[in-house]
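Asks: My questions all concern the structure below.
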Amino acid sequence: MGKHLLALADFSGAELAALIARALELKQETKNGIHHRSLGGRTVALVFEKPSTRTRVSFEVAMYGLGGQVIYLSGWDTQLARKEPLKDMARVMARYVDGLVVRTYGQEIVDELARYSEVPVINALTDLHHPCQVLSDVMTVIEHKGPLDQLKIAWVGDGNNMANSWIQAAARLGFALALACPEGYEPDRDILQQARAEAACPITLVHNPAEAVADADVINTDVWASMGQEDEQLRRLAVFRPYQVNTSLLRAAAPEAIVLHCLPAHRGEEISEAVLEGPQAVVWDQAENKMHIHRAILATLLN
Ligand code: CP
Ligand code: NVA
């Protein structure tokens with residue numbers, strides 16, 4: 001298994017499946033009152049250059065739950081804010097802590113930290129990927145829908161960091177993925193090409209949401225303007241309007257389809273209030289599962 005988790009393609013399908021299986025076990029054990037303290041005496045630093053509710057809190061709770069400690073550093077708290085080179089930051093931090101969990105902008109930032117860090121670097125969201133999130137989302141799908149190879153999963157909306165990680169998950173874990181994105185807002189072309197080259201199941205990309213959602217077992221969406229794209233918000237609102245996940249779109253899906261959203265959600269934009277609050281949405285399970293997957297990731301990569 002690789003040392004760092006920068007993108008899902010860093011791991012084999014078997015390794016990703018093992019992380020999800022471990023998270024499912026840990027979730028069950030927690031509910032039965034069994035706790036592991038395998039990271040006693042260990043410390044991770046969370047270096048977050050963008051806001052976070054779920055990822056930050058669930059990583060912190062995961063680490064404390066495993067007996068370890070956390071240091072949270074926001075964008076302004078380190079000398080990165082004053083342009084200290086990433087390679088210096090990485091080598092210094094590795095002398096103090098046992099892992100770095102990083103949320104930032106360019107993927108090249110986590111790549112550079114990983115190149116110089118002697119301790120694992122975990123991507124907690126970049127502009128290109130959100131790998132830990134998609135692992136917990138796949139875990140949620142397995143809980144609600146069973147084995148992945150029989151499923152059709154749809155992605156509706158922006159071809160963003162989440163979409164890119166879903167594409168890599170489909171290729172490695174083996175499930176059919178149908179994406180519908182507006183023209184000009186497609187996922188990363190190289191990621192898609194690479195994933196299709198290795199995938200056993202189809203990964204399709206269309207512009208029509210109803211086509212992607214047809215008979216889908218799972219429907220996924222995410223915000224139309226990601227963190228860092230605030231100045232594009234208005235233009236995106238107009239372009240993405242036909243991509244809202246609402247009750248009418250849901251009718252095209254399989255009758256028992258579940259709806260995922262990594263949150264935070266913008267009701268009335270990418271998802272309607274009725275769908276988000278309706279019986280098919282599993283977003284609260286999805287949010288909980290972030291904590292279990294983070295425990296599995298920390299316990300695996302730091303040991
Ligand atoms: N889903 C997710 O990553 O949420 P946060 O931005 O709150 O961490
Ligand atoms: N695509 C979103 C995900 C937020 C968790 C963003 O990058 O802002």
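Residue names in the structure tokens use chain letters A, B, ... in the order shown, residue numbers from 1 in each chain, and ligand numbers from 1 in the order shown.
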Excluding same-chain residues fewer than 4 positions from Ala90 (chain A), what lies within 7 Å of it counting only C-alpha atoms, as a list in words?
Replies: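 The residues that qualify are Leu86, Ala94, Leu113, Tyr116 and Ser117 of chain A.
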Asks: Just to be explicit: take each residue in the selection above, keep N, CA and C atoms, and write the result as a compact mmCIF listing (two decimals), in the first residue's frame.
Replies:
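Result written to result_4.txt:
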```txt
# COMPACT_ATOMS: atom_id res chain seq x y z
N LEU A 86 7.13 24.69 0.34
CA LEU A 86 6.42 23.48 0.77
C LEU A 86 7.41 22.39 1.17
N ALA A 94 7.44 16.68 9.41
CA ALA A 94 7.66 15.24 9.57
C ALA A 94 8.54 14.93 10.79
N LEU A 113 4.27 18.31 -1.02
CA LEU A 113 4.41 17.96 0.40
C LEU A 113 4.76 16.48 0.53
N TYR A 116 8.38 15.38 -0.20
CA TYR A 116 9.41 15.69 0.81
C TYR A 116 9.08 15.20 2.21
N SER A 117 7.86 14.68 2.40
CA SER A 117 7.46 14.32 3.76
C SER A 117 7.80 12.86 4.06
```
Asks: Would you mind listing the residues within 10 Å of ligand 1, counting only C-alpha atoms and all ligand atoms, as a VMD selection string?
Replies: chain A and resid 48 50 to 59 103 124 to 125 130 to 134 136 to 137 162 222 226 to 227 261 to 265 283 286 to 287 290
Asks: Using the chain letters and numbers from this document, which residues of region 66-160 of chain A does DSSP assign to alpha helix (DSSP H), as an MDAnalysis selection string?
Replies: chainID A and resid 86:96 107:116 131:145
Asks: Show me, as number ranges by chain, the residues that have an atom within 12 Å of Arg189 (chain A) when counting only C-alpha atoms, minus same-chain residues fewer than 5 positions from it.
Replies: A: 128, 159-160, 163-164, 167, 184, 194-196, 205
Asks: From the set A:Val61, A:Arg172, A:Asn208, A:Ile71, which residue has the shortest atom-to-atom contact distance to Leu8 (chain A), counting only C-alpha atoms?
Replies: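 Selected residue with least distance to Leu8 (chain A): A:Arg172.
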Asks: When you count only C-alpha atoms, which of these residues is closest to Tyr243 (chain A): A:Val206, A:Ile297, A:Leu276, A:Val156?
Replies: A:Val156
Asks: For the contact check between region 44-127 of chain A and region 25-40 of chain A, emit one row per residue of region 44-127 of chain A within 12 Å, containing the shortest atom pair and the distance in Å rounded to one decimal, counting only C-alpha atoms, chain then rising number order, as CSV.
Replies:
```
residue,atom,partner,partner_atom,distance
A:Val44,CA,A:Leu39,CA,10.0
A:Ala62,CA,A:Leu39,CA,10.2
A:Met63,CA,A:Leu39,CA,7.5
A:Tyr64,CA,A:Leu39,CA,8.6
A:Gly65,CA,A:Arg37,CA,7.1
A:Leu66,CA,A:Arg37,CA,4.3
A:Gly67,CA,A:Gly40,CA,4.3
A:Gly68,CA,A:Gly40,CA,4.8
A:Gln69,CA,A:Gly40,CA,8.1
A:Val70,CA,A:Leu39,CA,11.2
A:Asp98,CA,A:Leu39,CA,9.7
A:Gly99,CA,A:Leu39,CA,11.2
```
Asks: Would you write out those residues with N, CA and C atoms, as a short mmCIF file (atom, residue, chain, number, x, y, z; two decimals), in the first residue's frame?
Replies:
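The new file selection11.cif reads:
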```
data_model
loop_
_atom_site.label_atom_id
_atom_site.label_comp_id
_atom_site.auth_asym_id
_atom_site.auth_seq_id
_atom_site.Cartn_x
_atom_site.Cartn_y
_atom_site.Cartn_z
N VAL A 44 -1.31 13.87 14.44
CA VAL A 44 -1.39 14.35 13.06
C VAL A 44 -1.64 15.85 13.06
N ALA A 62 -11.88 11.17 14.73
CA ALA A 62 -11.29 9.87 14.38
C ALA A 62 -9.93 9.70 15.07
N MET A 63 -9.11 10.72 14.99
CA MET A 63 -7.76 10.62 15.57
C MET A 63 -7.82 10.52 17.09
N TYR A 64 -8.64 11.36 17.73
CA TYR A 64 -8.77 11.28 19.19
C TYR A 64 -9.34 9.92 19.60
N GLY A 65 -10.31 9.43 18.82
CA GLY A 65 -10.91 8.15 19.14
C GLY A 65 -9.91 7.00 19.09
N LEU A 66 -8.91 7.13 18.25
CA LEU A 66 -7.88 6.09 18.14
C LEU A 66 -6.75 6.31 19.15
N GLY A 67 -6.94 7.27 20.05
CA GLY A 67 -5.96 7.49 21.11
C GLY A 67 -4.90 8.52 20.75
N GLY A 68 -5.01 9.10 19.56
CA GLY A 68 -3.98 10.05 19.11
C GLY A 68 -4.36 11.50 19.38
N GLN A 69 -3.54 12.39 18.87
CA GLN A 69 -3.75 13.82 19.06
C GLN A 69 -3.75 14.54 17.73
N VAL A 70 -4.31 15.74 17.74
CA VAL A 70 -4.42 16.52 16.50
C VAL A 70 -3.96 17.95 16.74
N ASP A 98 3.14 12.60 12.98
CA ASP A 98 3.14 11.28 12.33
C ASP A 98 2.33 11.26 11.04
N GLY A 99 1.69 12.37 10.71
CA GLY A 99 0.93 12.42 9.46
C GLY A 99 0.44 13.84 9.22
#
```
Asks: Extract, using only C-alpha atoms, all DNA, RNA and protein residues at most 8 Å from region 269-272 of chain A, discarding same-chain residues fewer than 4 positions from it, and format them as a short mmCIF file (atom, residue, chain, number, x, y, z; two decimals) with C-alpha atoms, in the first residue's frame.
Replies:
```
data_model
loop_
_atom_site.label_atom_id
_atom_site.label_comp_id
_atom_site.auth_asym_id
_atom_site.auth_seq_id
_atom_site.Cartn_x
_atom_site.Cartn_y
_atom_site.Cartn_z
CA GLY A 157 -23.54 18.61 -12.11
CA THR A 221 -24.47 15.81 -6.87
CA ASP A 222 -22.38 18.62 -5.39
CA VAL A 223 -22.28 22.41 -5.34
CA TRP A 224 -22.12 24.24 -8.67
CA LEU A 237 -26.06 29.41 -11.63
CA PHE A 240 -26.17 24.59 -14.23
CA ARG A 241 -29.88 25.32 -13.76
CA TYR A 243 -28.78 20.03 -13.61
CA GLN A 244 -30.75 20.34 -10.38
CA VAL A 245 -31.45 17.03 -8.64
CA ASN A 246 -35.17 17.33 -7.95
CA THR A 247 -38.22 15.06 -7.79
CA ALA A 265 -25.73 21.65 0.09
CA LEU A 276 -32.50 16.60 0.25
#
```
Asks: Which one of A:Lys145, A:Ala274, A:Glu230, A:Trp155 sits closest to Glu256 (chain A) if you count only C-alpha atoms?
Replies: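 Closest candidate: A:Lys145.
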Asks: Taking into account only C-alpha atoms, which residue in the set A:Glu112, A:Ala23, A:Ala257, A:Leu73 is nearest to Met139 (chain A)?
Replies: A:Ala23
Asks: For each of A:Gly2, A:Pro182, A:Gly228, A:Gly106, take the minimum atom-to-atom distance to ligand 2, counting only C-alpha atoms and all ligand atoms, then give the residue where this is smallest.
Replies: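 That would be A:Gly228, the residue with the smallest distance to ligand 2.
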Asks: So, counting only C-alpha atoms and all ligand atoms, which residue among A:Ala212, A:Ala225, A:Leu151, A:Val119 is closest to ligand 2?
Replies: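 When distances to ligand 2 are compared using only C-alpha atoms and all ligand atoms, the smallest one comes from A:Ala225.
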